[in-house]
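J.: Questions regarding the structure given below will be posed in turn.
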Amino acid sequence: MRVHRSGTTLAGAALTALALLLPLAGSAGAAPDAGAGARQVPARGTAGMGMGVLAHDGRGDASGGTSVQAVQTEGVDVSSHQGNVAWSTLWNSGVRWAYVKATEGTYYKNTSFAQQYTGSYNVGMIRGSYHFATPDTTGGAAQADYFVDNGGGWSKDGRTLPGVLDIEWNPYGASCYGKTQAGMVSWIRDFLNRYKARTGRDAVIYTATSWWTQCTGNHSGFGATNPLWVARYASAVGELPAGWAYYTMWQYTSTGPTVGDHNHFNGDLSRVQALANG
């Protein structure tokens, strides 16, 4: 009988250990969109350019698709997360252009927009604004209107860059915002068409190659009209989304000095000015 009880105890212990291990194995293999319990969902409005890059693409070397000119011009992108930015410090470090978050969806305006947008201009930078897209909340045209009406406009003053559509991983839910690849392409097209109708400019598209491949099916239809701003935190930009033979801007790090997000413009300052002038 003692042997029987010992065997029962050992079997029970083994089953208990297995039960403890199974949830761990399941969580290790869980998909990124497994639900709100799998990660902490940020508050609406707090999204910033590139906030999903490290989680999905990581940081490291990349190969192929570099397509760079000999000269790169340094720039930064900021949102309300940075608050009041030390623009003089950035200018003295060699930063010559900046993009400022203006809006998100049709429900949020950057509370630090005035200081950031005007401050960068006042130190001599060429600057523009960007919109963080949320295709699951309202249509593309409606978000383009909200963007233009709240800081996303353009004027040919030689110092204002065209607006940017920041289209990337959804920080609030499913990566592709619950849309099919065809549905996502349609949403993006609606945004771009309305933005051009309102401003006369083709918006820049900010994205990451892996997101673009997953959520648009690597659609190639925008490369002929819309400049590419690609996100990749590595020593080389890596493969570009379909349709673009080269990038216009490259967000290469989120850990730069003064402001984390630093970018290369693919060309010298005269090329930045040319984009501003259209």
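Letters A, B, ... go to the chains of the structure tokens in the order shown; residues in each chain start at 1; ligands are counted from 1 in the same order.
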Could you give me the residues within segment 93-272 of chain A that DSSP places in helix (DSSP H, G or I), as a count of residues only?

T.: 54

J.: Which residues come within 10 Å of Gly200 of chain A, counting only C-alpha atoms, excluding same-chain residues fewer than 4 positions away, as a VMD selection string?

T.: chain A and resid 153 to 155 162 193 to 196 278

J.: Keeping N, CA and C atoms, export the residues of the selection given above as a CSV table (one decimal), in the first residue's frame.

T.:
chain,number,residue,atom,x,y,z
A,153,GLY,N,-2.1,70.9,-43.1
A,153,GLY,CA,-2.1,71.7,-44.4
A,153,GLY,C,-0.7,71.9,-45.0
A,154,TRP,N,-0.7,72.5,-46.2
A,154,TRP,CA,0.6,72.7,-46.8
A,154,TRP,C,0.6,74.1,-47.5
A,155,SER,N,1.7,74.8,-47.4
A,155,SER,CA,1.8,76.1,-48.2
A,155,SER,C,3.2,76.1,-48.8
A,162,PRO,N,5.2,68.3,-47.3
A,162,PRO,CA,3.9,67.7,-47.4
A,162,PRO,C,3.5,66.8,-46.2
A,193,ASN,N,-6.2,60.4,-51.7
A,193,ASN,CA,-6.9,61.2,-52.7
A,193,ASN,C,-7.5,62.4,-52.1
A,194,ARG,N,-8.1,62.3,-50.9
A,194,ARG,CA,-8.7,63.5,-50.2
A,194,ARG,C,-7.6,64.5,-49.8
A,195,TYR,N,-6.4,64.0,-49.4
A,195,TYR,CA,-5.4,64.9,-49.0
A,195,TYR,C,-4.9,65.7,-50.2
A,196,LYS,N,-4.7,65.0,-51.3
A,196,LYS,CA,-4.3,65.8,-52.5
A,196,LYS,C,-5.3,66.7,-53.0
A,278,GLY,N,7.6,71.1,-53.6
A,278,GLY,CA,6.7,70.3,-54.5
A,278,GLY,C,7.2,70.3,-55.9

J.: Skipping near chain neighbours, those fewer than 3 positions away, what residues fall within 7 Å of segment 81-97 of chain A using only C-alpha atoms, listed as a ChimeraX atom specification?

T.: /A:73-76,78,112,115-116,119-120,123,125-127,258

J.: Might you pull out every residue within 12 Å of Ser210 of chain A, with only C-alpha atoms counted and same-chain residues fewer than 4 positions away left off, and present them as a list in words?

T.: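 So, after excluding close chain neighbours, the residues are Gly52, Val53, Leu54, Ala55, His56, Asp57, Gly58, Ile167, Glu168, Trp169, Ser175, Cys176, Gln214, Cys215, Thr216, Gly217, Asn218, His219, Val230, Ala231, Arg232, Gly238, Glu239, Leu240, Pro241 and Ala242 of chain A.
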
J.: To one decimal place, how far is atom CA of Trp187 of chain A from atom CA of Ala276 of chain A in Å?

T.: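 Answer for the atom CA of Trp187 of chain A to atom CA of Ala276 of chain A separation: 25.4 Å.
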
J.: Between atom CA of Val41 of chain A and atom CA of Thr137 of chain A, what is the spacing in Å?

T.: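 Going from atom CA of Thr137 of chain A over to atom CA of Val41 of chain A, I get 16.1 Å.
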
J.: So, with only C-alpha atoms as the atoms that count, which of A:Gln181, A:Gly105, A:Asp145, A:Thr118 lies closest to Thr160 of chain A?

T.: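 Among the listed residues, A:Thr118 lies closest to Thr160 of chain A.
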
J.: Quick one: DSSP strand (DSSP E or B) residues in segment 136-260 of chain A, as a list in words?

T.: Thr160, Val164, Leu165, Asp166, Val204, Ile205, Tyr206, Thr207, Leu228, Trp229, Val230, Ala231, Met249, Trp250, Gln251, Tyr252 and Thr253 of chain A

J.: Need to verify the contact set: Phe147 of chain A, 10 Å, only C-alpha atoms, exclusion of same-chain residues closer than 6 positions in sequence. Can you return it as a list in words?

T.: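 My reading of the contact set: Lys101, Ala102, Thr103, Glu104, Gly105, Thr106, Tyr108, Lys109, Ser129, Tyr130, His131, Phe132, Ala133, Ala141, Gly153, Gly163, Val164, Leu165, Phe191 and Tyr195 of chain A.
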
J.: Restricting the output to C-alpha atoms, write the selected residues as a CSV table (one decimal), in the first residue's frame.

T.:
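For reference, out-v1.csv as written:
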chain,number,residue,atom,x,y,z
A,101,LYS,CA,2.4,64.6,-35.1
A,102,ALA,CA,-0.7,66.7,-35.7
A,103,THR,CA,-3.6,64.3,-35.4
A,104,GLU,CA,-4.8,60.7,-34.8
A,105,GLY,CA,-8.0,59.2,-36.2
A,106,THR,CA,-10.7,61.9,-36.0
A,108,TYR,CA,-7.1,63.5,-31.2
A,109,LYS,CA,-5.0,66.6,-31.7
A,129,SER,CA,3.2,67.3,-39.8
A,130,TYR,CA,1.9,63.7,-39.8
A,131,HIS,CA,-1.3,61.9,-39.1
A,132,PHE,CA,-1.4,58.6,-37.2
A,133,ALA,CA,-4.0,56.5,-39.1
A,141,ALA,CA,-11.3,60.7,-46.5
A,153,GLY,CA,-2.1,71.7,-44.4
A,163,GLY,CA,1.8,65.8,-44.9
A,164,VAL,CA,2.6,62.2,-43.9
A,165,LEU,CA,0.2,59.3,-43.5
A,191,PHE,CA,-7.0,59.2,-47.5
A,195,TYR,CA,-5.4,64.9,-49.0

J.: When you count only C-alpha atoms, which of these residues is closest to Asp190 of chain A: A:Pro135, A:Lys156, A:Val237, A:Thr213?

T.: A:Pro135

J.: Pick from A:Ala245, A:Asp77, A:Asp268, A:Trp211: nearest to Ala174 of chain A, with only C-alpha atoms counted?

T.: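 Of A:Ala245, A:Asp77, A:Asp268, A:Trp211, the one nearest Ala174 of chain A is A:Trp211, counting only C-alpha atoms.
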
J.: Restricting the calculation to only C-alpha atoms: of A:Val185, A:Val68, A:Ala114, A:Leu192, which residue gets closest to Gln143 of chain A?

T.: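 Among the listed residues, the smallest separation from Gln143 of chain A belongs to A:Leu192.
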
J.: Can you tell me how far atom CA of Ala144 of chain A sits from atom CA of Ala197 of chain A, in Å to one decimal?

T.: 9.9 Å

J.: In terms of the shortest atom-to-atom distance over only C-alpha atoms, which of A:Met249, A:Val100, A:Leu161, A:Val204 is closest to Phe113 of chain A?

T.: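 The answer is A:Val100, which sits nearest to Phe113 of chain A.
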
J.: Using only C-alpha atoms, which protein or nucleic acid residues come within 9 Å of Gly221 of chain A? Drop anything in the same chain fewer than 3 positions from it, and give the result as a PyMOL selection string.

T.: chain A and resi 224-225+242-243

J.: With only C-alpha atoms as the basis for distance, which of A:Ala234, A:Gln273, A:Ile188, A:Thr46 is at the shortest distance from Thr255 of chain A?

T.: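 Going through A:Ala234, A:Gln273, A:Ile188, A:Thr46 one by one, the smallest distance to Thr255 of chain A is for A:Ala234.
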